[in-house]
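Q: Sharing structure.cif here; it has mmCIF, C-alpha atoms.
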data_upload
#
loop_
_atom_site.label_atom_id
_atom_site.label_comp_id
_atom_site.auth_asym_id
_atom_site.auth_seq_id
_atom_site.Cartn_x
_atom_site.Cartn_y
_atom_site.Cartn_z
CA MET J 1 26.98 -43.68 39.48
CA GLN J 2 29.52 -40.93 40.16
CA TYR J 3 32.73 -39.85 38.52
CA GLU J 4 35.54 -42.09 39.64
CA TYR J 5 37.85 -39.11 39.32
CA GLY J 6 38.78 -36.70 42.10
CA GLU J 7 37.36 -33.31 42.87
CA ASP J 8 39.99 -31.51 40.77
CA PHE J 9 38.76 -33.37 37.68
CA GLN J 10 35.15 -32.66 38.60
CA ARG J 11 35.90 -28.94 39.05
CA ARG J 12 37.51 -28.83 35.59
CA VAL J 13 34.40 -30.45 34.09
CA VAL J 14 32.14 -27.84 35.69
CA ALA J 15 34.52 -25.05 34.65
CA LEU J 16 34.33 -26.31 31.08
CA LEU J 17 30.53 -26.42 31.26
CA LEU J 18 30.54 -22.78 32.36
CA GLN J 19 33.22 -21.54 29.99
CA ASP J 20 32.28 -23.33 26.76
CA PRO J 21 28.76 -22.24 25.80
CA THR J 22 28.31 -24.81 23.03
CA TRP J 23 29.84 -27.85 24.72
CA VAL J 24 27.30 -27.75 27.53
CA VAL J 25 24.57 -28.40 24.96
CA GLU J 26 26.55 -31.11 23.18
CA CYS J 27 27.26 -33.00 26.40
CA SER J 28 23.93 -32.50 28.13
CA GLY J 29 22.94 -36.06 27.29
CA VAL J 30 25.97 -37.53 29.04
CA VAL J 31 26.50 -35.23 32.02
CA ARG J 32 24.33 -35.59 35.11
CA SER J 33 24.56 -33.64 38.34
CA SER J 34 24.40 -36.96 40.20
CA TYR J 35 27.85 -37.85 38.81
CA PHE J 36 29.45 -35.19 41.03
CA THR J 37 30.51 -35.99 44.58
CA ASN J 38 30.61 -32.39 45.85
CA SER J 39 27.19 -30.88 46.65
CA ILE J 40 28.23 -27.40 45.49
CA LEU J 41 29.37 -28.76 42.12
CA ARG J 42 26.12 -30.75 41.85
CA THR J 43 24.10 -27.59 42.43
CA ILE J 44 26.08 -25.64 39.83
CA VAL J 45 25.72 -28.42 37.26
CA GLU J 46 21.96 -28.60 37.87
CA LEU J 47 21.63 -24.87 37.26
CA VAL J 48 23.84 -24.92 34.17
CA LEU J 49 22.09 -27.91 32.59
CA GLN J 50 18.62 -26.45 33.26
CA PHE J 51 19.66 -23.16 31.68
CA ALA J 52 21.31 -24.87 28.70
CA GLY J 53 18.24 -27.00 28.14
CA GLN J 54 16.12 -23.88 27.93
CA TYR J 55 18.45 -21.49 26.10
CA GLY J 56 20.93 -23.67 24.22
CA ALA J 57 24.08 -22.33 25.87
CA SER J 58 25.77 -22.07 29.23
CA PRO J 59 24.87 -19.05 31.35
CA ARG J 60 27.14 -16.04 31.54
CA ARG J 61 28.47 -15.00 34.94
CA GLU J 62 25.76 -12.44 35.59
CA THR J 63 23.03 -14.87 34.61
CA MET J 64 24.53 -17.58 36.78
CA SER J 65 24.32 -15.23 39.73
CA LEU J 66 20.62 -14.66 39.06
CA LEU J 67 20.03 -18.41 38.69
CA LEU J 68 21.74 -19.00 42.02
CA ASP J 69 19.64 -16.30 43.69
CA ALA J 70 16.43 -17.96 42.47
CA HIS J 71 17.73 -21.38 43.55
CA ALA J 72 18.60 -20.00 46.99
CA ILE J 73 15.07 -18.71 47.45
CA SER J 74 13.46 -21.95 46.25
CA TYR J 75 15.62 -24.14 48.47
CA GLU J 76 15.86 -21.68 51.37
CA LEU J 77 19.65 -21.65 51.37
CA LEU J 78 21.44 -19.79 54.12
CA PRO J 79 23.42 -16.70 53.08
CA GLU J 80 26.71 -18.43 53.91
CA GLU J 81 25.77 -21.35 51.64
CA VAL J 82 25.06 -18.95 48.81
CA GLU J 83 28.39 -17.20 49.40
CA ARG J 84 30.26 -20.53 49.22
CA ILE J 85 28.55 -21.44 45.96
CA GLN J 86 29.20 -17.95 44.53
CA SER J 87 32.87 -18.27 45.44
CA VAL J 88 33.17 -21.62 43.68
CA ILE J 89 31.35 -20.27 40.62
CA ALA J 90 33.78 -17.34 40.39
CA GLN J 91 36.75 -19.71 40.67
CA LEU J 92 35.34 -21.96 37.95
CA TYR J 93 34.71 -19.13 35.50
CA ASP J 94 38.33 -18.02 35.99
CA ALA J 95 39.90 -21.49 35.98
CA GLN J 96 42.44 -22.46 33.35
CA ILE J 97 41.54 -25.77 31.74
CA PRO J 98 44.55 -27.62 30.36
CA ASP J 99 43.74 -29.83 27.35
CA PRO J 100 39.97 -29.23 27.23
CA GLN J 101 39.49 -31.67 24.33
CA SER J 102 40.91 -34.53 26.36
CA LEU J 103 38.58 -33.59 29.21
CA ARG J 104 35.61 -33.54 26.83
CA ASP J 105 36.54 -36.99 25.55
CA ILE J 106 36.76 -38.46 29.06
CA VAL J 107 33.41 -36.96 30.06
CA VAL J 108 31.65 -38.26 26.95
CA GLU J 109 33.17 -41.71 27.39
CA PHE J 110 32.15 -41.86 31.05
CA GLY J 111 28.64 -40.58 30.32
CA SER J 112 28.17 -43.05 27.50
CA TRP J 113 29.34 -45.89 29.74
CA ALA J 114 27.03 -44.76 32.54
CA ALA J 115 24.09 -44.59 30.13
CA LEU J 116 24.84 -48.11 28.90
CA GLN J 117 25.02 -49.42 32.46
CA GLY J 118 21.73 -47.69 33.24
CA ALA J 119 20.05 -49.24 30.20
CA ILE J 120 21.30 -52.71 31.14
CA GLN J 121 20.05 -52.26 34.71
CA TYR J 122 16.69 -51.01 33.46
CA GLY J 123 16.38 -54.04 31.17
CA ALA J 124 17.26 -56.43 33.98
CA ASP J 125 14.75 -54.76 36.30
CA SER J 126 12.05 -54.93 33.62
CA LEU J 127 12.68 -58.64 33.11
CA ALA J 128 12.54 -59.27 36.85
CA ARG J 129 9.22 -57.39 37.14
CA ALA J 130 7.81 -59.29 34.15
CA LYS J 131 8.57 -62.61 35.86
CA ASN J 132 6.69 -61.55 39.00
#
Translate the structure of the given file into structure tokens.
A:
Amino acid sequence: MQYEYGEDFQRRVVALLLQDPTWVVECSGVVRSSYFTNSILRTIVELVLQFAGQYGASPRRETMSLLLDAHAISYELLPEEVERIQSVIAQLYDAQIPDPQSLRDIVVEFGSWAALQGAIQYGADSLARAKN
């Protein structure tokens, strides 16, 4: 399942994850990198959620750069790929987020709905396997 909202919405979500150090922890149960349609945003969300899971906050700019460097080595990213991701990260840290509370509410609602759908699908799959 992916966000049914456009890339502008998705960029605001990632910007909020980067800019609000406590919200990233609060929403980690309802935000998944797989919800994002843009591969760069997916990569950033993966890095942010991993960091938040370990340290209880979103990474600062400097830390995010180090996380990206380690990711680039692990996944053998080309220098131009790293530059594109770095550029997006810089834009997101500097982005203005109008009505962040409304954005938080939409993200939590979507994530809760996605989790419910996943649980229903898991239950249906379990029943089907039990019959076989």
Q: Which one is closest to J:Asn38: J:Gln50, J:Gln19, J:Gln10, J:Gln117? Count only C-alpha atoms.
A: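 Looking at the shortest contact to J:Asn38, the residue is J:Gln10.
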Q: One decimal, Å: what's the distance from atom CA of J:Ser112 over to atom CA of J:Gly6, could you say?
A: 19.1 Å
Q: Kindly give the distance, in Å, that separates atom CA of J:Trp113 and atom CA of J:Cys27, rounded to a single decimal.
A: 13.5 Å
Q: For stretch 93-110 of chain J, list every protein, DNA or RNA residue within 10 Å, evaluated using all atoms listed in the file, and leave out those in the same chain fewer than 2 positions away; present the list as a VMD selection string.
A: chain J and resid 2 to 4 9 to 20 23 26 to 31 35 60 to 61 88 to 91 112 to 116
Q: Check which residues satisfy the PyMOL selection byres ((chain J and resi 39) around 12) in the file shown, then give them as a list in words.
A: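 Taken on the displayed file, the PyMOL selection byres ((chain J and resi 39) around 12) yields the residues Glu7, Gln10, Arg11, Ser33, Ser34, Tyr35, Phe36, Thr37, Asn38, Ile40, Leu41, Arg42, Thr43, Ile44, Val45, Glu46, Glu81, Arg84, Ile85 and Val88 of chain J.
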Q: J:Val25, J:Ile120, J:Val82, J:Leu92: which is nearest J:Ser58, counting all atoms listed in the file?
A: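 Answer, going by the shortest atom-to-atom distance: J:Val25.
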Q: One decimal, Å: what's the distance from atom CA of J:Ala57 over to atom CA of J:Thr22, could you say?
A: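 A separation of 5.7 Å between them.
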Q: Considering only C-alpha atoms, return as a CSV table (one decimal) with C-alpha atoms, in the frame of the given file whatever protein or nucleic-acid residues lie within 9 Å of J:Gly56, sequence-local ones (same chain, fewer than 3 positions apart) excluded.
A:
chain,number,residue,atom,x,y,z
J,21,PRO,CA,28.8,-22.2,25.8
J,22,THR,CA,28.3,-24.8,23.0
J,24,VAL,CA,27.3,-27.8,27.5
J,25,VAL,CA,24.6,-28.4,25.0
J,51,PHE,CA,19.7,-23.2,31.7
J,52,ALA,CA,21.3,-24.9,28.7
J,53,GLY,CA,18.2,-27.0,28.1
